[in-house]
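Student: I am sharing run38.cif, which consists of mmCIF, N, CA and C atoms:
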data_coords
#
loop_
_atom_site.group_PDB
_atom_site.id
_atom_site.type_symbol
_atom_site.label_atom_id
_atom_site.label_comp_id
_atom_site.auth_asym_id
_atom_site.auth_seq_id
_atom_site.Cartn_x
_atom_site.Cartn_y
_atom_site.Cartn_z
ATOM 1 N N MET A 1092 -11.714 -0.590 11.533
ATOM 2 C CA MET A 1092 -10.585 -1.389 11.931
ATOM 3 C C MET A 1092 -9.338 -0.701 11.430
ATOM 4 N N PHE A 1093 -8.286 -0.735 12.224
ATOM 5 C CA PHE A 1093 -6.999 -0.163 11.854
ATOM 6 C C PHE A 1093 -5.977 -1.280 11.924
ATOM 7 N N GLY A 1094 -5.082 -1.343 10.979
ATOM 8 C CA GLY A 1094 -4.078 -2.394 10.993
ATOM 9 C C GLY A 1094 -2.775 -1.915 10.400
ATOM 10 N N THR A 1095 -1.742 -2.705 10.587
ATOM 11 C CA THR A 1095 -0.449 -2.399 10.000
ATOM 12 C C THR A 1095 0.157 -3.681 9.460
ATOM 13 N N GLY A 1096 1.036 -3.516 8.506
ATOM 14 C CA GLY A 1096 1.804 -4.627 7.968
ATOM 15 C C GLY A 1096 3.212 -4.130 7.710
ATOM 16 N N THR A 1097 4.174 -4.998 7.817
ATOM 17 C CA THR A 1097 5.548 -4.591 7.566
ATOM 18 C C THR A 1097 6.218 -5.582 6.642
ATOM 19 N N GLY A 1098 7.262 -5.109 6.014
ATOM 20 C CA GLY A 1098 8.100 -5.950 5.180
ATOM 21 C C GLY A 1098 9.507 -5.401 5.251
ATOM 22 N N SER A 1099 10.465 -6.210 4.981
ATOM 23 C CA SER A 1099 11.839 -5.720 5.009
ATOM 24 C C SER A 1099 12.659 -6.489 3.997
ATOM 25 N N GLY A 1100 13.823 -5.946 3.712
ATOM 26 C CA GLY A 1100 14.711 -6.612 2.781
ATOM 27 C C GLY A 1100 16.053 -5.934 2.782
ATOM 28 N N SER A 1101 17.021 -6.584 2.215
ATOM 29 C CA SER A 1101 18.310 -5.942 2.091
ATOM 30 C C SER A 1101 18.347 -5.230 0.758
ATOM 31 N N GLY A 1102 19.017 -4.134 0.731
ATOM 32 C CA GLY A 1102 19.116 -3.358 -0.497
ATOM 33 C C GLY A 1102 18.733 -1.921 -0.245
ATOM 34 N N PRO A 1103 19.109 -1.053 -1.167
ATOM 35 C CA PRO A 1103 18.847 0.369 -0.983
ATOM 36 C C PRO A 1103 17.378 0.719 -1.148
ATOM 37 N N LEU A 1104 17.020 1.898 -0.668
ATOM 38 C CA LEU A 1104 15.657 2.393 -0.691
ATOM 39 C C LEU A 1104 15.062 2.392 -2.092
ATOM 40 N N GLU A 1105 15.819 2.777 -3.088
ATOM 41 C CA GLU A 1105 15.274 2.855 -4.443
ATOM 42 C C GLU A 1105 14.756 1.506 -4.926
ATOM 43 N N SER A 1106 15.416 0.406 -4.543
ATOM 44 C CA SER A 1106 14.906 -0.905 -4.969
ATOM 45 C C SER A 1106 13.572 -1.196 -4.299
ATOM 46 N N GLY A 1107 13.398 -0.808 -3.042
ATOM 47 C CA GLY A 1107 12.132 -0.972 -2.348
ATOM 48 C C GLY A 1107 11.064 -0.063 -2.900
ATOM 49 N N ARG A 1108 11.437 1.173 -3.198
ATOM 50 C CA ARG A 1108 10.475 2.126 -3.747
ATOM 51 C C ARG A 1108 9.931 1.617 -5.072
ATOM 52 N N ASN A 1109 10.799 1.131 -5.911
ATOM 53 C CA ASN A 1109 10.341 0.635 -7.201
ATOM 54 C C ASN A 1109 9.360 -0.509 -7.030
ATOM 55 N N ARG A 1110 9.578 -1.355 -6.064
ATOM 56 C CA ARG A 1110 8.734 -2.522 -5.853
ATOM 57 C C ARG A 1110 7.406 -2.159 -5.205
ATOM 58 N N TYR A 1111 7.426 -1.223 -4.258
ATOM 59 C CA TYR A 1111 6.243 -0.987 -3.440
ATOM 60 C C TYR A 1111 5.482 0.303 -3.761
ATOM 61 N N LEU A 1112 6.142 1.307 -4.316
ATOM 62 C CA LEU A 1112 5.486 2.596 -4.447
ATOM 63 C C LEU A 1112 5.242 3.054 -5.867
ATOM 64 N N CYS A 1113 5.394 2.203 -6.851
ATOM 65 C CA CYS A 1113 5.198 2.648 -8.232
ATOM 66 C C CYS A 1113 3.790 2.345 -8.699
ATOM 67 N N PRO A 1114 2.951 3.375 -8.799
ATOM 68 C CA PRO A 1114 1.615 3.145 -9.318
ATOM 69 C C PRO A 1114 1.657 2.992 -10.829
ATOM 70 N N SER A 1115 0.620 2.373 -11.377
ATOM 71 C CA SER A 1115 0.524 2.266 -12.827
ATOM 72 C C SER A 1115 -0.190 3.498 -13.365
ATOM 73 N N GLY A 1116 -0.368 3.586 -14.660
ATOM 74 C CA GLY A 1116 -1.001 4.755 -15.257
ATOM 75 C C GLY A 1116 -0.022 5.913 -15.287
ATOM 76 N N ASP A 1117 -0.566 7.150 -15.235
ATOM 77 C CA ASP A 1117 0.328 8.303 -15.284
ATOM 78 C C ASP A 1117 1.016 8.541 -13.949
ATOM 79 N N GLY A 1118 0.546 7.892 -12.886
ATOM 80 C CA GLY A 1118 1.219 7.953 -11.595
ATOM 81 C C GLY A 1118 0.900 9.155 -10.747
ATOM 82 N N GLY A 1119 0.050 10.059 -11.225
ATOM 83 C CA GLY A 1119 -0.276 11.233 -10.444
ATOM 84 C C GLY A 1119 -1.408 10.970 -9.468
ATOM 85 N N VAL A 1120 -1.528 11.863 -8.481
ATOM 86 C CA VAL A 1120 -2.619 11.759 -7.516
ATOM 87 C C VAL A 1120 -3.935 11.775 -8.293
ATOM 88 N N GLY A 1121 -4.831 10.889 -7.919
ATOM 89 C CA GLY A 1121 -6.095 10.733 -8.616
ATOM 90 C C GLY A 1121 -6.078 9.624 -9.647
ATOM 91 N N SER A 1122 -4.879 9.085 -9.947
ATOM 92 C CA SER A 1122 -4.777 7.979 -10.907
ATOM 93 C C SER A 1122 -5.538 6.771 -10.390
ATOM 94 N N ILE A 1123 -6.119 6.026 -11.314
ATOM 95 C CA ILE A 1123 -6.890 4.830 -10.997
ATOM 96 C C ILE A 1123 -6.142 3.620 -11.525
ATOM 97 N N ARG A 1124 -6.137 2.530 -10.729
ATOM 98 C CA ARG A 1124 -5.564 1.274 -11.214
ATOM 99 C C ARG A 1124 -6.461 0.128 -10.797
ATOM 100 N N GLU A 1125 -6.489 -0.900 -11.641
ATOM 101 C CA GLU A 1125 -7.230 -2.123 -11.367
ATOM 102 C C GLU A 1125 -6.252 -3.149 -10.812
ATOM 103 N N VAL A 1126 -6.650 -3.831 -9.748
ATOM 104 C CA VAL A 1126 -5.789 -4.805 -9.079
ATOM 105 C C VAL A 1126 -6.514 -6.145 -9.033
ATOM 106 N N THR A 1127 -5.846 -7.202 -9.455
ATOM 107 C CA THR A 1127 -6.371 -8.556 -9.313
ATOM 108 C C THR A 1127 -5.920 -9.092 -7.964
ATOM 109 N N VAL A 1128 -6.858 -9.533 -7.145
ATOM 110 C CA VAL A 1128 -6.567 -9.980 -5.785
ATOM 111 C C VAL A 1128 -6.281 -11.477 -5.807
ATOM 112 N N ILE A 1129 -5.114 -11.869 -5.287
ATOM 113 C CA ILE A 1129 -4.745 -13.283 -5.236
ATOM 114 C C ILE A 1129 -4.352 -13.706 -3.828
ATOM 115 N N SER A 1130 -4.810 -12.956 -2.821
ATOM 116 C CA SER A 1130 -4.375 -13.174 -1.443
ATOM 117 C C SER A 1130 -5.183 -14.210 -0.684
ATOM 118 N N GLY A 1131 -6.266 -14.719 -1.250
ATOM 119 C CA GLY A 1131 -7.126 -15.641 -0.518
ATOM 120 C C GLY A 1131 -8.274 -14.928 0.175
ATOM 121 N N LEU A 1132 -8.306 -13.596 0.112
ATOM 122 C CA LEU A 1132 -9.424 -12.851 0.674
ATOM 123 C C LEU A 1132 -10.657 -13.076 -0.192
ATOM 124 N N PRO A 1133 -11.856 -12.833 0.361
ATOM 125 C CA PRO A 1133 -13.065 -13.004 -0.451
ATOM 126 C C PRO A 1133 -13.210 -11.842 -1.437
ATOM 127 N N ALA A 1134 -12.362 -11.830 -2.443
ATOM 128 C CA ALA A 1134 -12.362 -10.766 -3.451
ATOM 129 C C ALA A 1134 -11.677 -11.292 -4.698
ATOM 130 N N SER A 1135 -12.018 -10.706 -5.850
ATOM 131 C CA SER A 1135 -11.344 -11.100 -7.085
ATOM 132 C C SER A 1135 -10.601 -9.930 -7.716
ATOM 133 N N ARG A 1136 -11.141 -8.723 -7.540
ATOM 134 C CA ARG A 1136 -10.458 -7.548 -8.068
ATOM 135 C C ARG A 1136 -10.913 -6.327 -7.285
ATOM 136 N N ARG A 1137 -10.116 -5.276 -7.397
ATOM 137 C CA ARG A 1137 -10.504 -4.013 -6.780
ATOM 138 C C ARG A 1137 -9.953 -2.861 -7.619
ATOM 139 N N THR A 1138 -10.586 -1.716 -7.472
ATOM 140 C CA THR A 1138 -10.159 -0.502 -8.147
ATOM 141 C C THR A 1138 -9.613 0.440 -7.089
ATOM 142 N N GLU A 1139 -8.405 0.936 -7.303
ATOM 143 C CA GLU A 1139 -7.750 1.819 -6.340
ATOM 144 C C GLU A 1139 -7.527 3.194 -6.960
ATOM 145 N N ARG A 1140 -7.648 4.217 -6.119
ATOM 146 C CA ARG A 1140 -7.336 5.590 -6.535
ATOM 147 C C ARG A 1140 -6.163 6.093 -5.695
ATOM 148 N N LEU A 1141 -5.147 6.620 -6.350
ATOM 149 C CA LEU A 1141 -3.980 7.162 -5.669
ATOM 150 C C LEU A 1141 -4.362 8.452 -4.958
ATOM 151 N N GLU A 1142 -4.176 8.496 -3.644
ATOM 152 C CA GLU A 1142 -4.532 9.647 -2.824
ATOM 153 C C GLU A 1142 -3.332 10.549 -2.541
ATOM 154 N N LEU A 1143 -2.155 9.951 -2.385
ATOM 155 C CA LEU A 1143 -0.949 10.703 -2.031
ATOM 156 C C LEU A 1143 0.260 9.968 -2.574
ATOM 157 N N LEU A 1144 1.193 10.703 -3.146
ATOM 158 C CA LEU A 1144 2.464 10.140 -3.584
ATOM 159 C C LEU A 1144 3.530 11.181 -3.307
ATOM 160 N N ASP A 1145 4.372 10.914 -2.317
ATOM 161 C CA ASP A 1145 5.422 11.841 -1.907
ATOM 162 C C ASP A 1145 6.767 11.174 -2.134
ATOM 163 N N ASP A 1146 7.420 11.504 -3.239
ATOM 164 C CA ASP A 1146 8.708 10.901 -3.561
ATOM 165 C C ASP A 1146 9.794 11.274 -2.565
ATOM 166 N N GLU A 1147 9.710 12.473 -2.004
ATOM 167 C CA GLU A 1147 10.734 12.921 -1.061
ATOM 168 C C GLU A 1147 10.660 12.155 0.262
ATOM 169 N N LYS A 1148 9.445 11.927 0.750
ATOM 170 C CA LYS A 1148 9.255 11.217 2.023
ATOM 171 C C LYS A 1148 8.998 9.731 1.822
ATOM 172 N N HIS A 1149 8.880 9.289 0.557
ATOM 173 C CA HIS A 1149 8.671 7.876 0.215
ATOM 174 C C HIS A 1149 7.380 7.333 0.823
ATOM 175 N N ILE A 1150 6.277 8.065 0.562
ATOM 176 C CA ILE A 1150 4.965 7.696 1.094
ATOM 177 C C ILE A 1150 3.967 7.607 -0.056
ATOM 178 N N LEU A 1151 3.128 6.573 -0.014
ATOM 179 C CA LEU A 1151 2.061 6.383 -0.977
ATOM 180 C C LEU A 1151 0.779 6.090 -0.208
ATOM 181 N N SER A 1152 -0.329 6.649 -0.660
ATOM 182 C CA SER A 1152 -1.621 6.346 -0.057
ATOM 183 C C SER A 1152 -2.620 6.086 -1.171
ATOM 184 N N PHE A 1153 -3.457 5.056 -0.985
ATOM 185 C CA PHE A 1153 -4.513 4.790 -1.948
ATOM 186 C C PHE A 1153 -5.795 4.423 -1.223
ATOM 187 N N ARG A 1154 -6.906 4.616 -1.931
ATOM 188 C CA ARG A 1154 -8.234 4.295 -1.426
ATOM 189 C C ARG A 1154 -8.875 3.311 -2.397
ATOM 190 N N VAL A 1155 -9.555 2.294 -1.872
ATOM 191 C CA VAL A 1155 -10.289 1.365 -2.720
ATOM 192 C C VAL A 1155 -11.629 2.018 -3.059
ATOM 193 N N VAL A 1156 -11.879 2.176 -4.364
ATOM 194 C CA VAL A 1156 -13.074 2.893 -4.809
ATOM 195 C C VAL A 1156 -14.054 2.021 -5.591
ATOM 196 N N GLY A 1157 -13.720 0.755 -5.812
ATOM 197 C CA GLY A 1157 -14.628 -0.114 -6.553
ATOM 198 C C GLY A 1157 -14.061 -1.511 -6.682
ATOM 199 N N GLY A 1158 -14.804 -2.352 -7.386
ATOM 200 C CA GLY A 1158 -14.350 -3.716 -7.622
ATOM 201 C C GLY A 1158 -15.210 -4.736 -6.911
ATOM 202 N N GLU A 1159 -14.765 -5.978 -6.966
ATOM 203 C CA GLU A 1159 -15.471 -7.098 -6.344
ATOM 204 C C GLU A 1159 -14.724 -7.483 -5.073
ATOM 205 N N HIS A 1160 -15.134 -6.905 -3.949
ATOM 206 C CA HIS A 1160 -14.442 -7.096 -2.674
ATOM 207 C C HIS A 1160 -15.381 -6.686 -1.540
ATOM 208 N N ARG A 1161 -14.908 -6.815 -0.303
ATOM 209 C CA ARG A 1161 -15.691 -6.393 0.864
ATOM 210 C C ARG A 1161 -14.960 -5.318 1.657
ATOM 211 N N LEU A 1162 -14.066 -4.597 1.023
ATOM 212 C CA LEU A 1162 -13.259 -3.589 1.714
ATOM 213 C C LEU A 1162 -13.966 -2.239 1.670
ATOM 214 N N ASN A 1163 -14.906 -2.035 2.574
ATOM 215 C CA ASN A 1163 -15.646 -0.782 2.617
ATOM 216 C C ASN A 1163 -14.811 0.305 3.279
ATOM 217 N N ASN A 1164 -14.690 1.437 2.589
ATOM 218 C CA ASN A 1164 -13.948 2.602 3.096
ATOM 219 C C ASN A 1164 -12.486 2.278 3.405
ATOM 220 N N TYR A 1165 -11.855 1.454 2.567
ATOM 221 C CA TYR A 1165 -10.454 1.062 2.769
ATOM 222 C C TYR A 1165 -9.533 2.196 2.337
ATOM 223 N N LEU A 1166 -8.639 2.591 3.214
ATOM 224 C CA LEU A 1166 -7.618 3.599 2.939
ATOM 225 C C LEU A 1166 -6.294 3.074 3.460
ATOM 226 N N SER A 1167 -5.277 3.091 2.624
ATOM 227 C CA SER A 1167 -3.971 2.556 2.978
ATOM 228 C C SER A 1167 -2.905 3.634 2.835
ATOM 229 N N VAL A 1168 -1.945 3.652 3.759
ATOM 230 C CA VAL A 1168 -0.773 4.516 3.663
ATOM 231 C C VAL A 1168 0.448 3.620 3.799
ATOM 232 N N THR A 1169 1.347 3.685 2.807
ATOM 233 C CA THR A 1169 2.554 2.860 2.800
ATOM 234 C C THR A 1169 3.774 3.765 2.758
ATOM 235 N N SER A 1170 4.750 3.452 3.600
ATOM 236 C CA SER A 1170 6.011 4.192 3.577
ATOM 237 C C SER A 1170 7.169 3.218 3.409
ATOM 238 N N VAL A 1171 8.210 3.690 2.756
ATOM 239 C CA VAL A 1171 9.417 2.901 2.556
ATOM 240 C C VAL A 1171 10.569 3.689 3.172
ATOM 241 N N ASN A 1172 11.307 3.041 4.067
ATOM 242 C CA ASN A 1172 12.415 3.695 4.752
ATOM 243 C C ASN A 1172 13.676 2.858 4.641
ATOM 244 N N GLU A 1173 14.792 3.522 4.714
ATOM 245 C CA GLU A 1173 16.085 2.870 4.571
ATOM 246 C C GLU A 1173 16.916 3.102 5.830
ATOM 247 N N PHE A 1174 17.679 2.073 6.224
ATOM 248 C CA PHE A 1174 18.637 2.257 7.309
ATOM 249 C C PHE A 1174 19.858 1.399 7.030
ATOM 250 N N GLU A 1175 20.935 1.759 7.688
ATOM 251 C CA GLU A 1175 22.191 1.035 7.506
ATOM 252 C C GLU A 1175 22.610 0.425 8.835
ATOM 253 N N LYS A 1176 23.051 -0.832 8.795
ATOM 254 C CA LYS A 1176 23.521 -1.520 9.987
ATOM 255 C C LYS A 1176 24.670 -2.434 9.587
ATOM 256 N N ASP A 1177 25.778 -2.326 10.282
ATOM 257 C CA ASP A 1177 26.961 -3.148 10.028
ATOM 258 C C ASP A 1177 27.399 -3.082 8.567
ATOM 259 N N GLY A 1178 27.304 -1.891 7.991
ATOM 260 C CA GLY A 1178 27.750 -1.693 6.620
ATOM 261 C C GLY A 1178 26.791 -2.166 5.554
ATOM 262 N N LYS A 1179 25.632 -2.707 5.947
ATOM 263 C CA LYS A 1179 24.624 -3.143 4.982
ATOM 264 C C LYS A 1179 23.455 -2.167 4.989
ATOM 265 N N VAL A 1180 22.851 -1.984 3.834
ATOM 266 C CA VAL A 1180 21.693 -1.110 3.702
ATOM 267 C C VAL A 1180 20.436 -1.973 3.657
ATOM 268 N N TYR A 1181 19.444 -1.604 4.461
ATOM 269 C CA TYR A 1181 18.188 -2.337 4.536
ATOM 270 C C TYR A 1181 17.029 -1.407 4.190
ATOM 271 N N THR A 1182 15.958 -1.992 3.678
ATOM 272 C CA THR A 1182 14.745 -1.251 3.370
ATOM 273 C C THR A 1182 13.595 -1.849 4.174
ATOM 274 N N VAL A 1183 12.818 -0.983 4.819
ATOM 275 C CA VAL A 1183 11.661 -1.411 5.601
ATOM 276 C C VAL A 1183 10.412 -0.783 4.989
ATOM 277 N N VAL A 1184 9.394 -1.600 4.771
ATOM 278 C CA VAL A 1184 8.126 -1.137 4.220
ATOM 279 C C VAL A 1184 7.077 -1.267 5.318
ATOM 280 N N LEU A 1185 6.341 -0.194 5.572
ATOM 281 C CA LEU A 1185 5.294 -0.189 6.594
ATOM 282 C C LEU A 1185 3.988 0.229 5.934
ATOM 283 N N GLU A 1186 2.955 -0.597 6.075
ATOM 284 C CA GLU A 1186 1.630 -0.264 5.561
ATOM 285 C C GLU A 1186 0.653 -0.179 6.722
ATOM 286 N N SER A 1187 -0.050 0.936 6.792
ATOM 287 C CA SER A 1187 -1.133 1.123 7.760
ATOM 288 C C SER A 1187 -2.418 1.261 6.968
ATOM 289 N N TYR A 1188 -3.520 0.763 7.517
ATOM 290 C CA TYR A 1188 -4.779 0.857 6.792
ATOM 291 C C TYR A 1188 -5.944 1.030 7.745
ATOM 292 N N ILE A 1189 -7.006 1.592 7.207
ATOM 293 C CA ILE A 1189 -8.278 1.736 7.913
ATOM 294 C C ILE A 1189 -9.343 1.150 7.009
ATOM 295 N N VAL A 1190 -10.235 0.349 7.579
ATOM 296 C CA VAL A 1190 -11.307 -0.267 6.791
ATOM 297 C C VAL A 1190 -12.494 -0.540 7.707
ATOM 298 N N ASP A 1191 -13.710 -0.367 7.166
ATOM 299 C CA ASP A 1191 -14.902 -0.725 7.921
ATOM 300 C C ASP A 1191 -15.002 -2.238 7.987
ATOM 301 N N ILE A 1192 -15.433 -2.737 9.127
ATOM 302 C CA ILE A 1192 -15.629 -4.184 9.284
ATOM 303 C C ILE A 1192 -17.032 -4.524 8.784
ATOM 304 N N PRO A 1193 -17.131 -5.431 7.795
ATOM 305 C CA PRO A 1193 -18.462 -5.753 7.268
ATOM 306 C C PRO A 1193 -19.290 -6.541 8.299
ATOM 307 N N ALA A 1194 -20.595 -6.371 8.220
ATOM 308 C CA ALA A 1194 -21.501 -7.136 9.089
ATOM 309 C C ALA A 1194 -21.456 -8.593 8.645
ATOM 310 N N TRP A 1195 -21.451 -9.494 9.598
ATOM 311 C CA TRP A 1195 -21.441 -10.934 9.279
ATOM 312 C C TRP A 1195 -22.802 -11.347 8.802
ATOM 313 N N GLU A 1196 -22.841 -12.131 7.784
ATOM 314 C CA GLU A 1196 -24.118 -12.580 7.230
ATOM 315 C C GLU A 1196 -24.438 -13.970 7.702
#
For this file, produce the structure as structure tokens.
Tutor:
Amino acid sequence: MFGTGTGSGSGPLESGRNRYLCPSGDGGVGSIREVTVISGLPASRRTERLELLDDEKHILSFRVVGGEHRLNNYLSVTSVNEFEKDGKVYTVVLESYIVDIPAWE
């Protein structure tokens, strides 16, 4: 399955980057972080590995590598972009993901 999600807000790119693209740990590719899931999905936690972090292009990618969830082969790519309209600066966040669909039990 392939999907996308978007978010937007007013403010410069750096405020969006700080909110959406800052991994924990040392922040380098290969870094691992534990995430507590509170979205209502059938999951309680997951372990993510940072696959790509490009500060110049404002792109982050992570893969779910463990935890208590049903996200088999989940890979996410998130980008943060900035644009100006009518003198205001806006930030747009786009997340694309690929995940295997689990068999229904």
Student: Need the shell around Arg1124 of chain A: protein/DNA/RNA residues with any atom at most 6.5 Å away, counting all atoms listed in the file. Skip same-chain ones fewer than 6 positions apart. Format as a list in words?
Tutor: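 Surrounding residues, per the criterion: Ser1115, Arg1137, Thr1138, Glu1139, Arg1140 and Leu1141 of chain A.
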Student: For Leu1151 of chain A, find every residue with an atom within 7 Å (counting all atoms listed in the file), except residues of its own chain fewer than 4 positions away, and show them as a ChimeraX atom specification.
Tutor: /A:1112,1142-1145,1167-1171
Student: Tell me, in Å to one decimal, how far atom N of Val1180 of chain A is from atom CA of Ile1150 of chain A.
Tutor: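 Those two atoms sit 20.5 Å apart.
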